[in-house]
file coords.csv (CSV, C-alpha atoms and all ligand atoms)
chain,number,residue,atom,x,y,z
A,1,MET,CA,-70.2,18.1,-72.1
A,2,GLN,CA,-71.1,14.9,-73.9
A,3,THR,CA,-70.8,15.3,-77.7
A,4,GLN,CA,-72.6,12.1,-78.6
A,5,PHE,CA,-75.7,10.1,-77.7
A,6,GLY,CA,-74.3,6.6,-77.7
A,7,ARG,CA,-72.8,6.1,-81.2
A,8,PHE,CA,-74.9,9.0,-82.6
A,9,GLY,CA,-74.2,12.7,-82.9
A,10,GLY,CA,-70.7,14.1,-83.0
A,11,GLN,CA,-69.2,16.8,-85.2
A,12,PHE,CA,-68.8,15.8,-88.9
A,13,VAL,CA,-67.8,19.2,-90.2
A,14,PRO,CA,-64.7,20.9,-91.7
A,15,PRO,CA,-62.0,22.3,-89.2
A,16,GLN,CA,-63.2,26.0,-89.5
A,17,VAL,CA,-66.7,24.9,-88.4
A,18,ILE,CA,-65.2,23.1,-85.4
A,19,THR,CA,-63.7,26.4,-84.2
A,20,ALA,CA,-67.2,28.0,-84.4
A,21,LEU,CA,-68.8,25.0,-82.6
A,22,ASN,CA,-66.3,25.2,-79.8
A,23,GLU,CA,-67.0,28.9,-79.3
A,24,LEU,CA,-70.7,28.1,-79.2
A,25,GLU,CA,-70.3,25.3,-76.7
A,26,THR,CA,-68.2,27.4,-74.4
A,27,ALA,CA,-70.8,30.2,-74.5
A,28,PHE,CA,-73.7,27.8,-74.0
A,29,GLU,CA,-72.1,26.1,-71.0
A,30,ALA,CA,-71.4,29.5,-69.4
A,31,ALA,CA,-74.9,30.7,-70.0
A,32,LYS,CA,-76.4,27.6,-68.4
A,33,LYS,CA,-74.4,28.3,-65.2
A,34,ASP,CA,-75.5,31.9,-65.1
A,35,PRO,CA,-78.8,32.3,-63.2
A,36,SER,CA,-79.5,35.7,-64.9
A,37,PHE,CA,-79.5,33.9,-68.3
A,38,GLU,CA,-82.2,31.5,-67.1
A,39,GLU,CA,-84.1,34.3,-65.6
A,40,GLU,CA,-84.2,36.3,-68.8
A,41,PHE,CA,-85.2,33.2,-70.8
A,42,LYS,CA,-88.0,32.5,-68.4
A,43,TYR,CA,-89.1,36.1,-68.6
A,44,TYR,CA,-89.5,36.0,-72.3
A,45,LEU,CA,-91.2,32.5,-72.2
A,46,LYS,CA,-93.8,34.0,-69.9
A,47,GLN,CA,-94.3,37.5,-71.2
A,48,TYR,CA,-93.7,37.1,-74.9
A,49,VAL,CA,-94.3,33.4,-75.8
A,50,GLY,CA,-97.3,33.2,-73.3
A,51,ARG,CA,-96.2,30.3,-71.2
A,52,GLU,CA,-97.2,28.3,-69.3
A,53,ASN,CA,-99.7,26.9,-71.8
A,54,PRO,CA,-102.4,24.4,-70.6
A,55,LEU,CA,-102.3,20.7,-70.3
A,56,TYR,CA,-105.8,20.2,-71.6
A,57,TYR,CA,-107.9,17.1,-70.9
A,58,ALA,CA,-109.5,16.3,-74.3
A,59,LYS,CA,-112.6,14.8,-72.8
A,60,ASN,CA,-114.6,14.6,-76.1
A,61,LEU,CA,-111.8,13.0,-78.0
A,62,SER,CA,-111.1,10.5,-75.2
A,63,GLU,CA,-114.8,9.5,-74.9
A,64,SER,CA,-115.3,9.2,-78.7
A,65,LEU,CA,-112.2,6.9,-79.0
A,66,GLY,CA,-113.5,5.0,-75.9
A,67,GLY,CA,-110.4,4.2,-74.0
A,68,ALA,CA,-107.5,6.1,-72.3
A,69,LYS,CA,-107.8,9.7,-71.1
A,70,ILE,CA,-106.1,11.9,-73.5
A,71,TYR,CA,-104.4,15.2,-72.5
A,72,LEU,CA,-103.0,17.7,-75.0
A,73,LYS,CA,-99.9,19.9,-74.2
A,74,ARG,CA,-100.9,23.1,-75.9
A,75,GLU,CA,-97.8,24.3,-77.6
A,76,ASP,CA,-100.1,25.5,-80.4
A,77,LEU,CA,-101.1,28.4,-78.1
A,78,ASN,CA,-97.6,29.8,-78.0
A,79,HIS,CA,-96.9,33.1,-79.9
A,80,THR,CA,-96.4,32.2,-83.6
A,81,GLY,CA,-98.4,29.0,-83.1
A,82,ALA,CA,-95.9,26.2,-82.3
A,83,HIS,CA,-93.1,25.0,-80.0
A,84,LYS,CA,-90.3,26.4,-82.3
A,85,ILE,CA,-90.4,29.8,-80.6
A,86,ASN,CA,-89.1,28.3,-77.3
A,87,ASN,CA,-85.8,27.4,-79.1
A,88,THR,CA,-85.5,30.6,-81.1
A,89,ILE,CA,-85.9,32.8,-78.1
A,90,GLY,CA,-83.3,30.7,-76.2
A,91,GLN,CA,-80.7,30.8,-79.0
A,92,ILE,CA,-81.2,34.5,-79.7
A,93,LEU,CA,-80.6,35.3,-76.0
A,94,LEU,CA,-77.4,33.2,-76.3
A,95,ALA,CA,-76.4,35.1,-79.5
A,96,LYS,CA,-76.9,38.4,-77.7
A,97,ARG,CA,-74.8,37.3,-74.8
A,98,MET,CA,-72.0,36.3,-77.3
A,99,GLY,CA,-72.1,39.8,-78.7
A,100,LYS,CA,-73.4,38.7,-82.1
A,101,LYS,CA,-75.2,41.3,-84.2
A,102,LYS,CA,-76.7,39.1,-86.9
A,103,VAL,CA,-78.5,35.8,-87.1
A,104,ILE,CA,-78.8,33.4,-90.0
A,105,ALA,CA,-81.0,30.3,-90.2
A,106,GLU,CA,-82.3,27.7,-92.6
A,107,THR,CA,-85.9,27.0,-93.2
A,108,GLY,CA,-88.0,24.5,-95.2
A,109,ALA,CA,-91.6,25.5,-95.4
A,110,GLY,CA,-90.8,28.7,-93.5
A,111,GLN,CA,-91.9,27.8,-89.9
A,112,HIS,CA,-88.5,28.0,-88.4
A,113,GLY,CA,-87.7,31.0,-90.6
A,114,VAL,CA,-90.7,32.9,-89.2
A,115,ALA,CA,-89.9,31.9,-85.6
A,116,THR,CA,-86.3,33.1,-86.1
A,117,ALA,CA,-87.3,36.4,-87.9
A,118,THR,CA,-89.8,37.0,-85.0
A,119,ALA,CA,-87.0,36.6,-82.3
A,120,ALA,CA,-84.6,38.7,-84.4
A,121,ALA,CA,-87.2,41.5,-84.7
A,122,LEU,CA,-87.7,41.4,-80.9
A,123,PHE,CA,-84.0,41.8,-80.2
A,124,GLY,CA,-83.2,44.1,-83.0
A,125,MET,CA,-80.9,41.7,-84.8
A,126,GLU,CA,-80.2,41.6,-88.5
A,127,CYS,CA,-81.6,38.4,-89.9
A,128,GLU,CA,-81.1,36.4,-93.0
A,129,ILE,CA,-83.0,33.2,-93.8
A,130,PHE,CA,-81.8,30.6,-96.3
A,131,GLN,CA,-84.6,28.8,-98.1
A,132,GLY,CA,-84.6,26.5,-101.1
A,133,SER,CA,-85.9,28.3,-104.1
A,134,ILE,CA,-88.6,25.6,-104.7
A,135,ASP,CA,-89.8,26.0,-101.1
A,136,MET,CA,-89.9,29.8,-101.6
A,137,GLU,CA,-92.1,29.3,-104.6
A,138,ARG,CA,-94.4,27.0,-102.7
A,139,GLN,CA,-94.5,29.1,-99.5
A,140,ARG,CA,-94.8,32.7,-100.8
A,141,LEU,CA,-96.9,33.9,-97.9
A,142,ASN,CA,-94.3,32.7,-95.4
A,143,VAL,CA,-91.5,34.4,-97.4
A,144,TYR,CA,-93.6,37.6,-97.1
A,145,ARG,CA,-94.2,37.1,-93.4
A,146,MET,CA,-90.4,36.8,-92.8
A,147,GLU,CA,-89.9,40.0,-94.8
A,148,MET,CA,-92.6,41.8,-92.8
A,149,LEU,CA,-90.6,40.8,-89.7
A,150,GLY,CA,-87.6,42.5,-91.2
A,151,ALA,CA,-85.7,39.5,-92.4
A,152,LYS,CA,-83.9,39.0,-95.7
A,153,VAL,CA,-84.8,35.7,-97.4
A,154,THR,CA,-82.1,34.3,-99.6
A,155,GLY,CA,-83.1,31.6,-102.2
A,156,VAL,CA,-80.9,28.4,-102.5
A,157,SER,CA,-81.1,26.9,-106.0
A,158,GLN,CA,-78.4,24.2,-105.6
A,159,GLY,CA,-79.2,20.5,-105.4
A,160,THR,CA,-82.9,19.8,-104.9
A,161,ALA,CA,-83.4,23.5,-103.9
A,162,THR,CA,-85.2,22.5,-100.7
A,163,LEU,CA,-84.4,22.3,-96.9
A,164,SER,CA,-81.4,20.0,-97.0
A,165,ASP,CA,-79.6,22.3,-99.4
A,166,ALA,CA,-80.6,25.4,-97.4
A,167,VAL,CA,-78.9,23.8,-94.4
A,168,ASP,CA,-75.6,23.3,-96.3
A,169,VAL,CA,-75.6,26.9,-97.6
A,170,ALA,CA,-76.4,28.3,-94.2
A,171,ILE,CA,-73.5,26.4,-92.6
A,172,ASN,CA,-71.1,27.7,-95.3
A,173,ALA,CA,-72.4,31.3,-94.8
A,174,TRP,CA,-71.9,31.0,-91.1
A,175,VAL,CA,-68.2,29.9,-91.5
A,176,GLU,CA,-67.6,33.0,-93.6
A,177,ARG,CA,-69.2,35.4,-91.1
A,178,LEU,CA,-68.2,33.9,-87.7
A,179,ASP,CA,-67.1,37.2,-86.1
A,180,ASP,CA,-70.5,38.8,-86.0
A,181,THR,CA,-73.0,36.1,-86.9
A,182,PHE,CA,-74.9,33.4,-85.0
A,183,TYR,CA,-76.4,30.3,-86.7
A,184,LEU,CA,-79.8,29.6,-85.2
A,185,LEU,CA,-80.6,26.0,-86.0
A,186,GLY,CA,-84.3,25.0,-85.9
A,187,SER,CA,-84.4,21.4,-84.6
A,188,ALA,CA,-82.5,18.9,-82.4
A,189,VAL,CA,-80.2,18.1,-85.2
A,190,GLY,CA,-76.8,19.1,-86.7
A,191,PRO,CA,-73.3,18.9,-85.1
A,192,HIS,CA,-72.7,19.1,-81.4
A,193,PRO,CA,-73.7,21.2,-79.4
A,194,PHE,CA,-76.8,22.0,-81.4
A,195,PRO,CA,-78.8,18.9,-80.5
A,196,SER,CA,-78.1,19.4,-76.8
A,197,MET,CA,-78.8,23.1,-77.0
A,198,VAL,CA,-82.1,22.7,-78.7
A,199,ARG,CA,-83.0,20.0,-76.2
A,200,TYR,CA,-82.2,22.4,-73.4
A,201,PHE,CA,-84.3,25.2,-74.7
A,202,GLN,CA,-87.3,22.9,-75.3
A,203,ARG,CA,-87.2,21.2,-71.9
A,204,VAL,CA,-89.8,23.6,-70.6
A,205,ILE,CA,-92.5,21.5,-72.5
A,206,GLY,CA,-91.9,18.4,-70.4
A,207,GLU,CA,-91.2,20.2,-67.2
A,208,GLU,CA,-94.6,22.0,-67.4
A,209,ALA,CA,-96.4,18.9,-68.5
A,210,LYS,CA,-95.0,16.8,-65.6
A,211,ALA,CA,-96.1,19.4,-63.0
A,212,GLN,CA,-99.5,19.8,-64.7
A,213,ILE,CA,-100.3,16.1,-64.8
A,214,LEU,CA,-99.2,15.6,-61.2
A,215,ALA,CA,-101.5,18.5,-60.3
A,216,GLN,CA,-104.5,17.2,-62.3
A,217,GLU,CA,-104.2,13.5,-61.9
A,218,ASN,CA,-101.8,13.1,-59.0
A,219,ARG,CA,-99.7,10.6,-61.0
A,220,LEU,CA,-97.5,10.3,-64.1
A,221,PRO,CA,-99.0,9.5,-67.5
A,222,ASP,CA,-98.8,6.0,-69.0
A,223,TYR,CA,-97.9,7.2,-72.4
A,224,LEU,CA,-96.3,10.2,-74.1
A,225,ILE,CA,-96.8,10.7,-77.8
A,226,ALA,CA,-95.1,13.3,-80.1
A,227,CYS,CA,-94.4,13.7,-83.8
A,228,VAL,CA,-90.8,13.5,-84.9
A,229,GLY,CA,-89.3,15.6,-87.8
A,230,GLY,CA,-85.9,16.6,-86.5
A,231,GLY,CA,-87.2,15.7,-83.1
A,232,SER,CA,-87.2,19.0,-81.1
A,233,ASN,CA,-90.8,19.0,-79.8
A,234,ALA,CA,-90.5,15.3,-79.0
A,235,ILE,CA,-87.3,15.6,-77.0
A,236,GLY,CA,-88.7,18.7,-75.4
A,237,LEU,CA,-91.5,16.6,-73.9
A,238,PHE,CA,-89.7,13.3,-73.4
A,239,GLN,CA,-86.5,14.3,-71.6
A,240,THR,CA,-88.1,14.9,-68.2
A,241,PHE,CA,-89.7,11.5,-68.3
A,242,LEU,CA,-86.9,9.4,-69.6
A,243,ALA,CA,-85.9,8.2,-66.1
A,244,ASP,CA,-89.6,7.3,-65.3
A,245,GLN,CA,-89.5,3.7,-66.5
A,246,ASP,CA,-93.3,3.2,-66.2
A,247,VAL,CA,-93.9,6.0,-68.7
A,248,ASN,CA,-94.1,4.5,-72.2
A,249,ILE,CA,-92.8,6.9,-74.8
A,250,ILE,CA,-93.7,7.0,-78.5
A,251,GLY,CA,-92.3,9.1,-81.3
A,252,VAL,CA,-94.3,9.2,-84.6
A,253,GLU,CA,-92.7,9.9,-87.9
A,254,ALA,CA,-94.2,10.5,-91.3
A,255,ALA,CA,-95.0,7.5,-93.5
A,256,GLY,CA,-96.2,9.8,-96.3
A,257,LYS,CA,-97.9,7.6,-99.0
A,258,GLY,CA,-96.8,4.5,-97.2
A,259,ILE,CA,-93.4,2.9,-96.1
A,260,GLN,CA,-93.7,0.4,-98.9
A,261,THR,CA,-93.6,3.3,-101.5
A,262,ASN,CA,-90.5,5.5,-101.9
A,263,GLN,CA,-92.6,8.5,-100.8
A,264,HIS,CA,-92.2,8.7,-97.1
A,265,ALA,CA,-90.0,10.3,-94.4
A,266,ALA,CA,-89.7,7.2,-92.2
A,267,THR,CA,-86.1,7.8,-91.0
A,268,MET,CA,-86.4,5.8,-87.8
A,269,THR,CA,-88.2,2.9,-89.5
A,270,LEU,CA,-86.2,2.6,-92.8
A,271,GLY,CA,-83.1,4.8,-92.3
A,272,LYS,CA,-79.5,3.6,-92.1
A,273,GLU,CA,-76.7,4.9,-89.9
A,274,SER,CA,-75.0,7.7,-91.9
A,275,VAL,CA,-73.8,11.2,-91.7
A,276,ILE,CA,-76.0,14.2,-92.6
A,277,HIS,CA,-75.6,17.9,-91.7
A,278,GLY,CA,-72.7,17.3,-89.4
A,279,MET,CA,-74.1,14.5,-87.3
A,280,ASN,CA,-74.0,10.7,-87.3
A,281,THR,CA,-77.6,9.5,-87.2
A,282,LYS,CA,-80.2,7.5,-89.1
A,283,VAL,CA,-80.7,8.7,-92.6
A,284,VAL,CA,-83.0,7.7,-95.5
A,285,LEU,CA,-80.6,6.6,-98.2
A,286,ASN,CA,-81.2,5.4,-101.8
A,287,ALA,CA,-79.8,2.2,-103.3
A,288,GLN,CA,-76.5,4.0,-104.1
A,289,GLY,CA,-76.1,5.0,-100.4
A,290,ASP,CA,-76.7,8.7,-101.1
A,291,ILE,CA,-79.2,10.8,-99.0
A,292,SER,CA,-82.6,10.2,-100.6
A,293,PRO,CA,-85.3,12.8,-101.2
A,294,VAL,CA,-88.1,12.2,-98.7
A,295,TYR,CA,-91.8,13.0,-98.8
A,296,SER,CA,-94.6,13.9,-96.4
A,297,ILE,CA,-97.7,15.9,-96.7
A,298,SER,CA,-96.3,17.7,-93.7
A,299,ALA,CA,-93.4,20.1,-94.5
A,300,GLY,CA,-92.2,20.0,-90.9
A,301,LEU,CA,-91.7,16.2,-90.9
A,302,ASP,CA,-90.2,16.1,-94.4
A,303,TYR,CA,-86.5,15.6,-93.4
A,304,PRO,CA,-84.2,12.7,-94.4
A,305,GLY,CA,-82.3,12.6,-91.1
A,306,VAL,CA,-83.4,12.8,-87.4
A,307,GLY,CA,-81.8,14.1,-84.2
A,308,PRO,CA,-79.1,11.8,-82.9
A,309,GLU,CA,-80.6,11.4,-79.5
A,310,HIS,CA,-83.7,9.8,-81.1
A,311,ALA,CA,-81.5,7.4,-83.0
A,312,HIS,CA,-79.9,6.5,-79.6
A,313,LEU,CA,-83.2,6.2,-77.7
A,314,GLN,CA,-84.5,3.9,-80.4
A,315,GLU,CA,-81.4,1.7,-80.1
A,316,THR,CA,-81.6,1.5,-76.3
A,317,GLY,CA,-85.3,0.7,-76.6
A,318,ARG,CA,-86.4,3.5,-74.3
A,319,VAL,CA,-88.5,5.1,-76.9
A,320,ASN,CA,-90.7,3.3,-79.5
A,321,TYR,CA,-90.8,4.9,-82.9
A,322,VAL,CA,-93.8,4.3,-85.1
A,323,HIS,CA,-95.2,6.0,-88.2
A,324,ALA,CA,-98.5,7.5,-89.5
A,325,SER,CA,-99.4,8.1,-93.2
A,326,ASP,CA,-100.6,11.3,-94.9
A,327,LYS,CA,-104.1,9.8,-94.9
A,328,GLU,CA,-104.1,8.9,-91.2
A,329,ALA,CA,-102.8,12.3,-90.3
A,330,VAL,CA,-105.4,14.1,-92.4
A,331,GLU,CA,-108.2,12.0,-90.7
A,332,ALA,CA,-106.8,12.7,-87.3
A,333,MET,CA,-106.6,16.4,-88.1
A,334,TYR,CA,-110.3,16.5,-89.0
A,335,LEU,CA,-111.2,14.4,-85.9
A,336,LEU,CA,-109.5,16.7,-83.4
A,337,SER,CA,-111.0,19.7,-85.1
A,338,ALA,CA,-114.5,18.3,-84.9
A,339,LYS,CA,-114.3,16.8,-81.4
A,340,GLU,CA,-112.5,19.5,-79.6
A,341,GLY,CA,-112.6,22.7,-81.7
A,342,ILE,CA,-108.8,22.6,-82.0
A,343,ILE,CA,-107.3,22.5,-85.5
A,344,PRO,CA,-103.8,21.0,-85.1
A,345,ALA,CA,-100.9,21.4,-87.4
A,346,ILE,CA,-100.6,18.6,-90.0
A,347,GLU,CA,-97.2,17.6,-88.3
A,348,THR,CA,-99.0,17.3,-84.9
A,349,ALA,CA,-101.8,15.3,-86.6
A,350,HIS,CA,-99.4,12.4,-87.0
A,351,ALA,CA,-99.1,12.1,-83.2
A,352,ILE,CA,-102.9,12.3,-82.9
A,353,ALA,CA,-103.2,9.5,-85.5
A,354,GLU,CA,-101.1,7.3,-83.2
A,355,ALA,CA,-103.4,8.1,-80.2
A,356,VAL,CA,-106.4,7.2,-82.4
A,357,LYS,CA,-104.9,3.7,-82.8
A,358,LEU,CA,-103.6,3.3,-79.2
A,359,ALA,CA,-106.3,4.9,-76.9
A,360,PRO,CA,-109.1,2.3,-77.7
A,361,THR,CA,-106.8,-0.5,-76.8
A,362,LEU,CA,-106.3,0.9,-73.3
A,363,SER,CA,-108.7,1.0,-70.2
A,364,ASN,CA,-110.1,4.3,-69.2
A,365,ASP,CA,-107.9,4.6,-66.1
A,366,LYS,CA,-104.8,5.0,-68.4
A,367,ILE,CA,-103.5,8.4,-69.3
A,368,ILE,CA,-101.9,9.6,-72.6
A,369,ILE,CA,-100.2,13.0,-73.1
A,370,ILE,CA,-99.9,14.2,-76.7
A,371,ASN,CA,-97.6,17.1,-77.5
A,372,LEU,CA,-99.8,19.4,-79.5
A,373,SER,CA,-96.8,20.9,-81.2
A,374,GLY,CA,-98.5,23.5,-83.3
A,375,ARG,CA,-101.8,24.9,-84.7
A,376,GLY,CA,-103.2,24.2,-88.1
A,377,ASP,CA,-104.0,27.6,-89.5
A,378,LYS,CA,-101.1,27.3,-91.9
A,379,ASP,CA,-102.5,24.0,-93.2
A,380,VAL,CA,-106.1,25.0,-93.8
A,381,GLU,CA,-105.6,26.0,-97.4
A,382,ALA,CA,-103.8,22.7,-98.2
A,383,MET,CA,-106.7,20.8,-96.6
A,384,TYR,CA,-109.2,22.8,-98.7
A,385,ASN,CA,-107.3,22.0,-101.9
A,386,LEU,CA,-107.3,18.2,-100.9
A,387,GLN,CA,-111.1,18.4,-100.7
A,388,GLU,CA,-111.1,19.7,-104.2
A,389,SER,CA,-108.9,16.9,-105.5
A,390,PRO,CA,-109.2,14.0,-103.0
A,391,GLN,CA,-106.0,12.2,-102.2
A,392,LYS,CA,-105.4,8.7,-103.5
A,393,ASP,CA,-103.5,6.4,-101.2
B,1,LIG,C1,-91.4,22.1,-87.2
B,1,LIG,C2,-92.5,21.4,-86.6
B,1,LIG,C3,-92.5,20.1,-86.2
B,1,LIG,C4,-91.3,19.2,-86.5
B,1,LIG,O1,-90.1,19.6,-85.9
B,1,LIG,P1,-89.5,18.9,-84.6
B,1,LIG,O2,-88.1,19.5,-84.5
B,1,LIG,O3,-89.4,17.4,-84.9
B,1,LIG,O4,-90.3,19.2,-83.5
B,1,LIG,C5,-93.5,19.5,-85.6
B,1,LIG,N1,-94.7,20.2,-85.4
B,1,LIG,C6,-94.8,21.5,-85.7
B,1,LIG,C7,-96.1,22.2,-85.5
B,1,LIG,C8,-93.7,22.2,-86.4
B,1,LIG,O5,-93.8,23.4,-86.7
call {"tool": "encode", "arguments": {"input": "coords.csv", "output": "structure tokens", "more": "lines below"}}
Ligand SMILES: *Cc1c(COP(=O)(O)O)cnc(C)c1O
result
Amino acid sequence: MQTQFGRFGGQFVPPQVITALNELETAFEAAKKDPSFEEEFKYYLKQYVGRENPLYYAKNLSESLGGAKIYLKREDLNHTGAHKINNTIGQILLAKRMGKKKVIAETGAGQHGVATATAAALFGMECEIFQGSIDMERQRLNVYRMEMLGAKVTGVSQGTATLSDAVDVAINAWVERLDDTFYLLGSAVGPHPFPSMVRYFQRVIGEEAKAQILAQENRLPDYLIACVGGGSNAIGLFQTFLADQDVNIIGVEAAGKGIQTNQHAATMTLGKESVIHGMNTKVVLNAQGDISPVYSISAGLDYPGVGPEHAHLQETGRVNYVHASDKEAVEAMYLLSAKEGIIPAIETAHAIAEAVKLAPTLSNDKIIIINLSGRGDKDVEAMYNLQESPQKD
């Protein structure tokens, strides 16, 4: 199996971790070849996650923007409200197959932690989630949600006490508990084979979308748009279309308060090639060449690295990476809510913001598919608080 995407990816980890990664790769390759594994995965995607979800023609939004036809791939309708559950179900089935009894995971705001705790509850596995202590403070309800699902949440107070540090601690904990523990990574990042594995478990998004657009429009879309944090929902949609050269593909990252400020998470736009969390990829660095703190209104896009395949797809020019600011995302979130009765996650709203710019420039026979990666229930309180103290940009 290929361990890199062009120059990007690889395994930049200590030797003990290599052993664990090799065991994981062997198990993953064997599972992919076993039809009963695929059958079980499909069973849970249908009966538990609730797939397939619709590819919905957003007629009101399209007409109000006055250009291309916009379709929404409704990952927000999945159990737990986002695409993350596709990956956690896939990886936990692999953990079960490997005979592991416990899973550990990192989480930032808690979305991946909740998806992991959900899958662990379903399969009766012991579950421990590492979360920065600052994030725990900010996300008390998600901590409680994970605890309701039976998980133990362990605070990480080292470094900046946020996601990046939680990943480091989770990897170390994994190395110490290899015999019975599976590390369930939340995005298309980390050392090989994680980016390829997460890509594999998220491919269902693009496979469904392709069949659905062919059924509804009898042709492929002109554009795909997805938001990019680590890049799992984006690669989940994009991969099936990469060989279709007439399909333009756009990834949208978070510009936070603006790429001219130092409060952004614009890894693809401003990052440099470097190593983070076991992979060679693009990373936001400070003037000293160290990993820089990043910022976005959206916790899910607030990551200083990006999946290595995205760095490669940018370099080859197959995918175009752009950015949307906090302000643009918030406006897009309100727009979709008002026009379609769908409140998107603030992460997803970055992808919608790009469609708001693009659609009016296209004729109305063009088709855009946006990956609606998650629902916005979790963000309503933050939007309410913004109303109270309007953002300055
Ligand atoms: C976590 C999350 C993201 C960002 O993660 P990716 O791996 O880049 O997909 C995007 N949207 C939603 C709703 C999320 O929960």
call {"tool": "closest_residue", "arguments": {"input": "coords.csv", "among": "A:Met148, A:Leu220, A:Leu93, A:Ala215", "to": "Thr118 (chain A)", "atoms": "all atoms listed in the file"}}
result
A:Met148
call {"tool": "residues_around", "arguments": {"input": "coords.csv", "residues": "Val294 (chain A)", "least_positions_apart": "6", "cutoff": "6 Å", "atoms": "only C-alpha atoms", "output": "list in words"}}
result
His264, Ala265 and Pro304 of chain A
call {"tool": "atom_distance", "arguments": {"input": "coords.csv", "atom1": "CA of Ala329 (chain A)", "atom2": "CA of Gln260 (chain A)"}}
result
17.3 Å
call {"tool": "atom_distance", "arguments": {"input": "coords.csv", "atom1": "CA of Phe37 (chain A)", "atom2": "CA of Gly113 (chain A)"}}
result
23.9 Å
call {"tool": "residues_near_point", "arguments": {"input": "coords.csv", "point": "(-101.4, 13.9, -93.7)", "cutoff": "7 Å", "atoms": "all atoms listed in the file", "output": "ChimeraX atom specification"}}
result
/A:297-298,325-330,346
call {"tool": "closest_residue", "arguments": {"input": "coords.csv", "among": "A:Ala31, A:Val247, A:Ala170, A:Val49", "to": "Ile104 (chain A)", "atoms": "only C-alpha atoms"}}
result
A:Ala170
call {"tool": "closest_residue", "arguments": {"input": "coords.csv", "among": "A:Ala120, A:Val198, A:Ala209, A:Ala287", "to": "ligand LIG 1 (chain B)", "atoms": "only C-alpha atoms and all ligand atoms"}}
result
A:Val198
call {"tool": "residues_around", "arguments": {"input": "coords.csv", "residues": "Gln263 (chain A)", "least_positions_apart": "3", "cutoff": "7 Å", "atoms": "all atoms listed in the file", "output": "CSV table (one decimal) with C-alpha atoms, in the coordinates of the input"}}
result
chain,number,residue,atom,x,y,z
A,256,GLY,CA,-96.2,9.8,-96.3
A,257,LYS,CA,-97.9,7.6,-99.0
A,258,GLY,CA,-96.8,4.5,-97.2
A,294,VAL,CA,-88.1,12.2,-98.7
A,295,TYR,CA,-91.8,13.0,-98.8
call {"tool": "atom_distance", "arguments": {"input": "coords.csv", "atom1": "CA of Leu242 (chain A)", "atom2": "CA of Ile342 (chain A)"}}
result
28.4 Å
call {"tool": "residues_near_ligand", "arguments": {"input": "coords.csv", "ligand": "ligand LIG 1 (chain B)", "cutoff": "7 Å", "atoms": "all atoms listed in the file", "output": "list in words"}}
result
Ala82, His83, Lys84, Gln111, His112, Gly186, Ser187, Ala188, Cys227, Val228, Gly229, Gly230, Gly231, Ser232, Asn233, Ala234, Gly300, Leu301, Ala345, Glu347, Thr348, Ser373, Gly374 and Arg375 of chain A
call {"tool": "residues_around", "arguments": {"input": "coords.csv", "residues": "Asn60 (chain A)", "least_positions_apart": "5", "cutoff": "12 Å", "atoms": "only C-alpha atoms", "output": "NGL selection string"}}
result
:A and (65-71 or 335-342)
